[in-house]
Structures are given as structure tokens and as C-alpha cells.
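Enquirer: Structure incoming, see below.
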Amino acid sequence: MLRQLAKSAMYRLAAWEPLFGPARRRRLGGKAVVLMYHELAEDGDDIEAWTVVKRTDFLRQMDYLRSKFDVLSLAQAIARMTQPNGPDRPVAVVTFDDGDRGNRDILLPIIEALDLPATIFVATGQVQDRTPYWFDRLVNALQVDAPVTVSLPSGSSAAYTINETRGAANWIRIQELLSSLKKLEPARREQVVDDMIKRIGPQEPRYRGIAPLSISDVRELADCPLVTIGAHSHCHNILTQIDRRAALESAVRSKELLESWTGRRVNYFAYPNGDFNDAVASAVVEAGFEAALSTVPRPWGRGEPLFALPRIGVGRYDSIDVFKLGLVGGIGQFLN
Ligand SMILES: [Zn+2]
């Protein structure tokens, strides 16, 4: 507790404008930062998930961003960052991954009210099937009050107890569980996760659950001129774990479905989990995209390759100070 307070005080000082402002300007002059979000929820929604940011926190972050950066669409940012010279004021691009329901219910009205350009990378499988991917199904099942212990199948002795604490510490446990599951082969993982959810059993949930957008929600978002719809694959498997042909098919399918749903061209791609290699990047080029985004958390400099663009993740447990420090590439970067 005391350590946490000391840490917060250190972040508060490090992000204090008279101290941080010159460092931010020095590090970000002429550069861009691309932010990665997933989902928004109302402040009172009781959910334990890094991916679900509270409405008020998001508004505060956008307020800060708009005061210090040119907040541009991804196309505008690419146009600026591929020029050899340009304004010194840094660019910010706001992106959301996966295509969850709050993107329409909470984010869209904010986009319209603030005149805020944003890109939403939709993974089409969950929209088409109206079923969340395995990671969100499991996170939904864990939204109960009682502690839950789950273990991976035989061959691994790892067991994870969730809900012993709340907040960031609890999320670290959930994330460890998700990371172990990400290493399993996709079909096997579906089975393991379904068994895990069955064992957790039906309990009174604390939260309505993370759920995908519908096709008509995607269309409604695409109809807003401030929204860019990008693709995030169809399967949402980590593309470096499947063969190149399957990765190509998944990228093409998401592009074609989104274009047929929205009547617009879909030019940008976000790698699921941020993972890519030369084979995956070349598949995304072959699928007809013009740029692709990773999750390497650092600013984007002029002239960088367009199929490995960096992106800084923002989550539920980030204070406004951690958010500010994260924009320059993380707290470590700033303190170094
Ligand atoms: Zn994703």
C-alpha cells in the first residue's frame, strides 16, 4: 500500500507539466503516437479487465491529448509522417481493437461530441458469430465475486487463483492465465477454455459482459465521417502461430467482410496481439492493405516502414499520470 502511494507520487511528479512538458516536446517533436484501446464502459460498471477503460478516464485522456497533440485520422497521420518534413507539434491517433459493443454505445457519441477522429480495427469472426473470442469469454466468466482457481490441462502444473484481490493486482493474475493459454494451439485452446468456463460454472455476474458489435453497429460506426474502420483479421488467432496461408485467408476475409458490410474500402490492419513477422507482414501486404499496426509501445518517427507501425496500449488501471508518461514510450523511457 505504502509502496503504491510512493509510486503514484513519483508518477505524479514525473508527469508534472513544468517538468514533463519540455521532455515531451523534446522526445515527441515531429513524431506521432498511436494509442490502442479496446473497450469503454460506464464508470459504475464493475468489471475486472485491462481492456475496458472507464468513460471518465477516457474523456480526461482525450482532453489532454487534444491540448498537446494534433489528433488526426490514421490516413491524415500517414500522409504527414511519410513527408520528409512537417510541423513540430506531435500527432496522436486514437485506435480501438476487436470491435466491442461499447465502441458504438459509448465511444461513438464521444467521437461525435468531441469531433474526435478514431480508427476501429474490427475482428470480423466475433461480429459474424455474435460470440466473443475465447479471451473475452473467459474474462466474462471470471467476473464473479468469489475467488476462482483454474488450472491448465495435464502436462502443466500451473494453477491460477483469480479474485483474491481486486484491481490491477487481480488483472496481473488474469493476464498470466491468458498468456499461458495464448501458447496453446488454437483448436485445443477453444476446448480448454470452454472446459474452464464450465468448471467456473454459472454464477451471478458482476458485469453484463464484453460482447461484440453487431453488423449493423459496424455499419453505423462506418457511416460516421470521423470513424475509420480497419481490419483485425477474421479469426483473431496470433498470426505468427498459424501458417502463412491461413494468416492471409484471415486477413483477406476480414477485409472483404468489412467492405461488404460498410460499403467502404478498408485500408488498414492491426495484427492480433500485435504479433507479426516477415511472413505475416507480407501476407497483409498481399491482402491489399496499405499499412499495419503492431503493439510495440513507442512513438512513430517520420519515414518508418508502414507495416510495422508502433502503438501504445492504454488500459483500465492506468492513472492519468501513467497515461501521460506512456505517450513518450513508457515510464522507463522517461526516467532513463
Ligand atoms: Zn485484438
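So you can find residues: chains in the C-alpha cells are A, B, ... in the order shown, residues in each start at 1, and ligands are numbered from 1 in order.
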Which chain A residues have any atom within 12 Å of an atom of ligand 1, and for each, what is the nearest pair of atoms with distance in Å to one decimal, counting only C-alpha atoms and all ligand atoms, rows sorted by chain and number, as CSV?

Expert:
```
residue,atom,partner,partner_atom_place_in_ligand_line,distance
A:Met36,CA,ligand 1,1 (Zn),9.8
A:Tyr37,CA,ligand 1,1 (Zn),9.6
A:His38,CA,ligand 1,1 (Zn),7.7
A:Glu39,CA,ligand 1,1 (Zn),10.7
A:Thr51,CA,ligand 1,1 (Zn),9.8
A:Thr95,CA,ligand 1,1 (Zn),11.3
A:Phe96,CA,ligand 1,1 (Zn),8.8
A:Asp97,CA,ligand 1,1 (Zn),5.1
A:Asp98,CA,ligand 1,1 (Zn),4.7
A:Gly99,CA,ligand 1,1 (Zn),8.5
A:Asp100,CA,ligand 1,1 (Zn),10.1
A:Ile120,CA,ligand 1,1 (Zn),10.7
A:Phe121,CA,ligand 1,1 (Zn),8.1
A:Val122,CA,ligand 1,1 (Zn),8.3
A:Ala123,CA,ligand 1,1 (Zn),7.1
A:Thr124,CA,ligand 1,1 (Zn),10.8
A:Gly125,CA,ligand 1,1 (Zn),11.5
A:Gln126,CA,ligand 1,1 (Zn),10.9
A:Pro132,CA,ligand 1,1 (Zn),11.2
A:Tyr133,CA,ligand 1,1 (Zn),9.3
A:Trp134,CA,ligand 1,1 (Zn),11.3
A:Phe135,CA,ligand 1,1 (Zn),9.7
A:Asp136,CA,ligand 1,1 (Zn),10.2
A:Pro212,CA,ligand 1,1 (Zn),11.7
A:Gly230,CA,ligand 1,1 (Zn),11.9
A:Ala231,CA,ligand 1,1 (Zn),10.2
A:His232,CA,ligand 1,1 (Zn),6.7
A:Ser233,CA,ligand 1,1 (Zn),8.8
A:His234,CA,ligand 1,1 (Zn),10.5
A:Cys235,CA,ligand 1,1 (Zn),10.0
A:His236,CA,ligand 1,1 (Zn),6.5
A:Asn237,CA,ligand 1,1 (Zn),8.9
A:Ile238,CA,ligand 1,1 (Zn),9.2
A:Leu239,CA,ligand 1,1 (Zn),11.4
A:Phe269,CA,ligand 1,1 (Zn),11.0
A:Ala270,CA,ligand 1,1 (Zn),7.9
A:Tyr271,CA,ligand 1,1 (Zn),7.6
A:Pro272,CA,ligand 1,1 (Zn),4.7
A:Asn273,CA,ligand 1,1 (Zn),5.6
A:Gly274,CA,ligand 1,1 (Zn),7.9
A:Asp275,CA,ligand 1,1 (Zn),10.4
A:Leu293,CA,ligand 1,1 (Zn),11.4
A:Ser294,CA,ligand 1,1 (Zn),10.6
A:Thr295,CA,ligand 1,1 (Zn),10.3
A:Gly313,CA,ligand 1,1 (Zn),11.3
```

Enquirer: Using backbone DSSP assignments, extract all alpha helix (DSSP H) residues from region 117-307 of chain A; output them as a PyMOL selection string.

Expert: chain A and resi 124-129+134-141+168-182+186-200+215-222+244-262+278-286

Enquirer: Tell me, as a PyMOL selection string, which residues lie within 12 Å of Trp300 (chain A), counting only C-alpha atoms; anything in the same chain fewer than 2 positions away does not count.

Expert: chain A and resi 27-35+77-78+80-82+90-93+293-298+302-306+308-312+327-329

Enquirer: Neighbours of Lys7 (chain A) within 12 Å (only C-alpha atoms; same-chain residues fewer than 5 positions away dropped), as a ChimeraX atom specification?

Expert: /A:1-2,12-14,319,321-322,331

Enquirer: How would the residues just picked look written out with C-alpha atoms as an mmCIF file, in the first residue's frame?

Expert:
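Result file out.cif:
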```cif
data_model
loop_
_atom_site.group_PDB
_atom_site.id
_atom_site.type_symbol
_atom_site.label_atom_id
_atom_site.label_comp_id
_atom_site.auth_asym_id
_atom_site.auth_seq_id
_atom_site.Cartn_x
_atom_site.Cartn_y
_atom_site.Cartn_z
ATOM 1 C CA MET A 1 0.000 0.000 0.000
ATOM 2 C CA LEU A 2 2.765 2.404 1.024
ATOM 3 C CA ARG A 12 2.603 12.482 -10.346
ATOM 4 C CA LEU A 13 5.891 14.356 -10.093
ATOM 5 C CA ALA A 14 7.314 12.840 -13.288
ATOM 6 C CA SER A 319 -3.770 6.704 -13.965
ATOM 7 C CA ASP A 321 -0.005 10.304 -14.939
ATOM 8 C CA VAL A 322 0.853 6.846 -16.246
ATOM 9 C CA ILE A 331 7.748 5.352 -17.702
#
```

Enquirer: Using only C-alpha atoms, which of the listed residues (A:Ala75, A:Glu185, A:Arg60, A:Asp223) sits closest to Asn267 (chain A)?

Expert: A:Ala75

Enquirer: Measuring atom to atom with only C-alpha atoms, identify which of A:Ser73, A:Ser250, A:Thr228, A:Ser214 is nearest to Asp105 (chain A).

Expert: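 Selected residue with least distance to Asp105 (chain A): A:Ser214.
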
Enquirer: Just list as number ranges by chain whatever in region 78-229 of chain A DSSP marks as strand (DSSP E or B).

Expert: A: 91-98, 100, 118-122, 148-151, 159-162, 212, 227-229

Enquirer: Neighbours of region 285-288 of chain A within 9 Å (only C-alpha atoms; same-chain residues fewer than 6 positions away dropped), as a list in words?

Expert: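 What passes the distance filter is Leu248, Glu249, Ala251, Val252, Lys255, Asn267 and Phe307 of chain A.
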